[in-house]
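Report on the structure given below.
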Amino acid sequence: MAAVMPNPAAQRLLLSGNEAVARGVWEAGTRVAAAYPGTPATEILETLSRFPDLHAEWSVNEKVSMEVALGASMTGARAFCAMKHVGLNVASDCLMTMTITGAYGGLVIAVADDVGMSSSQNEQDSRFWGRFAHIPVLEPADSQEAYEMAKHAFELSEKYETPVLLRLTTRICHVKGLVTVGEREAHEPAGFVKNPQRWVMVPAHAKVRIPALFQRDETLREVAETTPLNVLEAGSDRSVGFVTSGPAYMHVREAFPDAPVLKLGLSYPWPPQKLRELASMCDKLVVVEETEKILETELKAAGIACHGKDFLPSLGELSPQVLTPAIDRLLGKPVPPPAPAAAPPKLFPRPPTLCASCPHMGMYYTLSQIKNLIISGDIGCYTLGAGHPWNALDTTICMGATMGVALGIDKGRGAVDKNKRILAVIGDSTFMHMGMQGLLDITYNHGNVTVLLLDNHTTGMTGGQATPASGKDIHGKEAPKVDLFKIVEALGVPNERIKVVDPYELPVLFKTVREEIKIEGPSVIIARRPCVLIDEFKPTRPYLVEEDKCTGCGNCVEVGCPAIHVTKRDKVVKPSGKEVELAFVEIDSQACTGCGLCVQPCAPDAIQHVSRRDIPIHIVKTTSSS
Amino acid sequence: MSANDITNILVCGIGGQGVMTATEILAEAAIAQGHDVKKTEVAGMAQRGGVVTSHLRFGRKVLSPQIEPGTVQVLLGFEGAEALRWSHYLRPDGLALVNTARLVPPVVELGLFDYPDDPTGKMRDAGHKVVAFDAMSIARDLGEIRLGNTVMLGAIADYLPFSPDVLMACIDKRFARKGEKVVEANRQAFAAGRDAVAKQLAATPA
């Protein structure tokens, strides 16, 4: 994809928080921007990759993205990396030492906390990293602030020679608001200066630099008192005052328009004088923070009386709907019960599911039909294999964990699990991110694990970003394509124990999995088919069910394709006396892309290709036919 | 500032139906009218057939991007059961405009849950004002199923605090580079959506 000229300055644009951060980063003259995709932060780098005059990359993981940004900063270039909350766990090894070297060119880390867990395995409060790593934390409350703070962060970074954490949440990243944008400023790198005392972190050098961290905290605490990012709004109703940051500020303002509020844009280090001033202005002080009890604990330790998590939840978002009744309780006001009409109706759930023709379906259908397995899983679309109808995953922890967990199960199991087969499922992008080391551990430590490497040529769950195994870079340009077979072999899996299969060919898949789990030692089955959401996927002729042939066996329903719909249910009693439930089906030929997975288990051969005349024709009719 | 200054519109459906694009066009129309606008959705895994809701708030100054239950003026439902799922967000005097499409998820096909027989009927039973119409049939009659989203936008056009022409102009702009035929087809779909709702409201006693 060629770089496009961003919208000109002074325009008001409807931007998501992610797009606003990208715009701010670009305008700051940033030269290098790196990330591994992760919801809710993915679109920051996607947006930056379309802007000119900077190096944007999908790094193999978040730790590498941070190291790339640090290296660029060492040359005096402005540098940026973005990640979701769990990505910062991966990158934290770099962060905890990079804070000692400090930044040279402005160095900003955007971290997006998935508050409310729309698409993550846990909920974390990344503000802790500010304390842990002694770096300032900026928290925008909407898109305009996300844009402004991204720019401001670079200035702060250079002035105090510190990495700066720009803390976002889902409700910043994925909210669109109006942003008035500006020009890109020129920022030429000052040049790398040889300085081992600063850049070579050995004990002797680190010991000298660490006291400067503590001093930096104190300096920034003074900055927090005067920065325009921290605003004390006096308010007229002083019965309760609030200190808050991030999107929670908007919720507080919405629910309590007349209350005194201290809005912390620079939320760490926080300004003690301003806090005491706020406390003296109101009868009760409430800390509204997403998600954990961090500021509240620190205020109490500083002798500032306050409330917070004694009335507010430590999990999920703090909307006005959550805040209002909680503050009523705090003030001793009666809390009216919610009106009956306000209760959500009871309804079936609609969990995310695999797409029609998803190659993972073939693998999970296969696994669901084999007994006596323990299957360790990982992070990606294929985590959905834990759901119905497959129920095929027994564990999911974090990026790349499948290998180590599987090896641990193999080594830890006792007599009771002796006859079970241990499998590890992982996608190609996750394998590149953090999975390779785990496989190395399996081969090195004589593990008995069958690894299923689901190679769909992309990072699927975040919307189809390129990986080193897809042969394309972030711009869609050709890049060296990593050969997964060779990597697996180089990591110590014997050549004859590496099988490449087509996940649409169920008989081969069944045979290969059954054979490999029987043999001792590590093996890898690479199931190769492109994700249906990327250009490489080519749909073929859809199928339909011949109604008179369908016997209602329901085998096809167990494949789990969302294009298969039950039209009629029935029950029959078999000659054996056993009652069997029947499900007669049809295929939504609009959604079907012809993978043929459902055809294979169909007992009566009732699933056939749609004939050409039945394919809906897309023609825009311009004249009225009535 | 009074909450009454703010218009709350909730658009709901499932991943892939065009909920987010429709809300984006509604947002553009509100911006064209000089409103402050915030639009939010949680889209993480939505494209895997999950639930999608898009909150649109506009007015003089919008603070929280999230709509609270019981405060929606207009609910635009792209699917029957999804409209029912979010119906408690409607204000007592709110209006639900619902496409009667019935999209059944695998968990229902597997027999683990039931899909309600008459979702919009349930909404009416709960006291909500509902207009239900088959946007996909309307689009099909116009010769192009992909016009369904413009039918949906037409349906809401007369229940916004500004002229339907403002919304129509935003749709024109979207499709302008695809040529006059496509623009004209979308105009027809927009008009058909407006008609479908107006006819029903005229037929039902207030």
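Following the order of the structure tokens, first chain is A, next is B, and so on, with residues numbered from 1 inside each chain and ligands from 1 in the order they appear.
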
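Using only C-alpha atoms, the protein and nucleic acid residues lying no more than 7 Å from segment 176-178 of chain A, apart from those fewer than 2 places from it along its own chain, are Arg12, Leu13, Leu14, Leu15, Ser16, Gly17, Ser143, Gln144, His174 and Thr180 of chain A; Val37, Lys38, Lys39 and Thr40 of chain B.
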
Would you save the residues of that selection, restricted to N, CA and C atoms, as a PDB file, in the first residue's frame?
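Written output follows (again_7.pdb):
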ATOM      1  N   ARG A  12     -11.071  19.648  10.984  1.00  0.00           N
ATOM      2  CA  ARG A  12     -11.695  18.874  12.054  1.00  0.00           C
ATOM      3  C   ARG A  12     -12.083  17.532  11.468  1.00  0.00           C
ATOM      4  N   LEU A  13     -11.488  16.492  12.004  1.00  0.00           N
ATOM      5  CA  LEU A  13     -11.733  15.159  11.464  1.00  0.00           C
ATOM      6  C   LEU A  13     -12.370  14.283  12.543  1.00  0.00           C
ATOM      7  N   LEU A  14     -13.226  13.375  12.101  1.00  0.00           N
ATOM      8  CA  LEU A  14     -13.816  12.395  13.026  1.00  0.00           C
ATOM      9  C   LEU A  14     -12.839  11.231  13.125  1.00  0.00           C
ATOM     10  N   LEU A  15     -12.096  11.184  14.235  1.00  0.00           N
ATOM     11  CA  LEU A  15     -11.040  10.179  14.368  1.00  0.00           C
ATOM     12  C   LEU A  15     -11.272   9.310  15.598  1.00  0.00           C
ATOM     13  N   SER A  16     -10.928   8.039  15.468  1.00  0.00           N
ATOM     14  CA  SER A  16     -10.891   7.183  16.654  1.00  0.00           C
ATOM     15  C   SER A  16      -9.676   7.587  17.480  1.00  0.00           C
ATOM     16  N   GLY A  17      -9.653   7.185  18.744  1.00  0.00           N
ATOM     17  CA  GLY A  17      -8.493   7.471  19.585  1.00  0.00           C
ATOM     18  C   GLY A  17      -7.220   6.922  18.961  1.00  0.00           C
ATOM     19  N   SER A 143     -10.558  11.582  21.867  1.00  0.00           N
ATOM     20  CA  SER A 143      -9.695  11.569  20.678  1.00  0.00           C
ATOM     21  C   SER A 143      -8.844  12.839  20.575  1.00  0.00           C
ATOM     22  N   GLN A 144      -9.449  14.006  20.829  1.00  0.00           N
ATOM     23  CA  GLN A 144      -8.701  15.261  20.742  1.00  0.00           C
ATOM     24  C   GLN A 144      -7.510  15.224  21.702  1.00  0.00           C
ATOM     25  N   HIS A 174     -11.330   3.020  20.591  1.00  0.00           N
ATOM     26  CA  HIS A 174     -12.424   2.715  19.668  1.00  0.00           C
ATOM     27  C   HIS A 174     -13.574   3.709  19.746  1.00  0.00           C
ATOM     28  N   THR A 180      -9.129  18.456  15.814  1.00  0.00           N
ATOM     29  CA  THR A 180      -8.546  19.483  14.941  1.00  0.00           C
ATOM     30  C   THR A 180      -7.064  19.178  14.807  1.00  0.00           C
TER      31      THR A 180
ATOM     32  N   VAL B  37     -19.803  15.397  18.145  1.00  0.00           N
ATOM     33  CA  VAL B  37     -20.217  14.012  17.932  1.00  0.00           C
ATOM     34  C   VAL B  37     -19.255  13.062  18.634  1.00  0.00           C
ATOM     35  N   LYS B  38     -19.811  12.026  19.272  1.00  0.00           N
ATOM     36  CA  LYS B  38     -18.976  10.899  19.700  1.00  0.00           C
ATOM     37  C   LYS B  38     -19.669   9.613  19.287  1.00  0.00           C
ATOM     38  N   LYS B  39     -18.841   8.679  18.869  1.00  0.00           N
ATOM     39  CA  LYS B  39     -19.363   7.418  18.353  1.00  0.00           C
ATOM     40  C   LYS B  39     -18.504   6.318  18.945  1.00  0.00           C
ATOM     41  N   THR B  40     -19.127   5.337  19.536  1.00  0.00           N
ATOM     42  CA  THR B  40     -18.310   4.280  20.140  1.00  0.00           C
ATOM     43  C   THR B  40     -18.877   2.908  19.852  1.00  0.00           C
TER      44      THR B  40
END

| Distance filter 6 Å, only C-alpha atoms, chain B against chain A, as a count of residues only | 18

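Note that atom CA of Glu185 of chain A and atom CA of Leu70 of chain A are 20.7 Å apart.
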
DSSP says strand (DSSP E) for which residues of segment 199-299 of chain A? Put them as a compact mmCIF listing (two decimals) with C-alpha atoms, in the first residue's frame?
# COMPACT_ATOMS: atom_id res chain seq x y z
CA ASN A 230 -3.75 18.54 35.06
CA VAL A 231 -6.82 20.70 35.51
CA LEU A 232 -8.71 21.52 38.68
CA GLU A 233 -12.34 22.41 37.90
CA VAL A 240 -18.40 15.36 46.75
CA GLY A 241 -15.31 16.00 44.64
CA PHE A 242 -13.54 13.70 42.22
CA VAL A 243 -10.01 12.99 41.10
CA THR A 244 -9.98 11.03 37.87
CA VAL A 261 -13.01 17.60 39.61
CA LEU A 262 -9.25 17.26 39.35
CA LYS A 263 -8.56 15.81 35.94
CA LEU A 264 -5.15 14.20 35.73
CA LEU A 266 -0.32 13.45 33.65
CA SER A 267 -1.55 10.88 36.14
CA TYR A 268 1.86 9.69 37.34
CA LYS A 284 -15.89 13.91 50.42
CA LEU A 285 -13.17 13.03 47.91
CA VAL A 286 -13.66 10.11 45.51
CA VAL A 287 -10.97 8.60 43.31
CA VAL A 288 -12.50 7.37 40.05

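The shell of residues at most 10 Å from Ala101 of chain B, with only C-alpha atoms counted and near chain neighbours (fewer than 5 positions) removed, consists of B:Gly13, B:Gly77, B:Phe78, B:Glu79, B:Gly80, B:Ala81, B:Glu82, B:Ala132, B:Phe133, B:Asp134, B:Ala135, B:Met136, B:Ser137.
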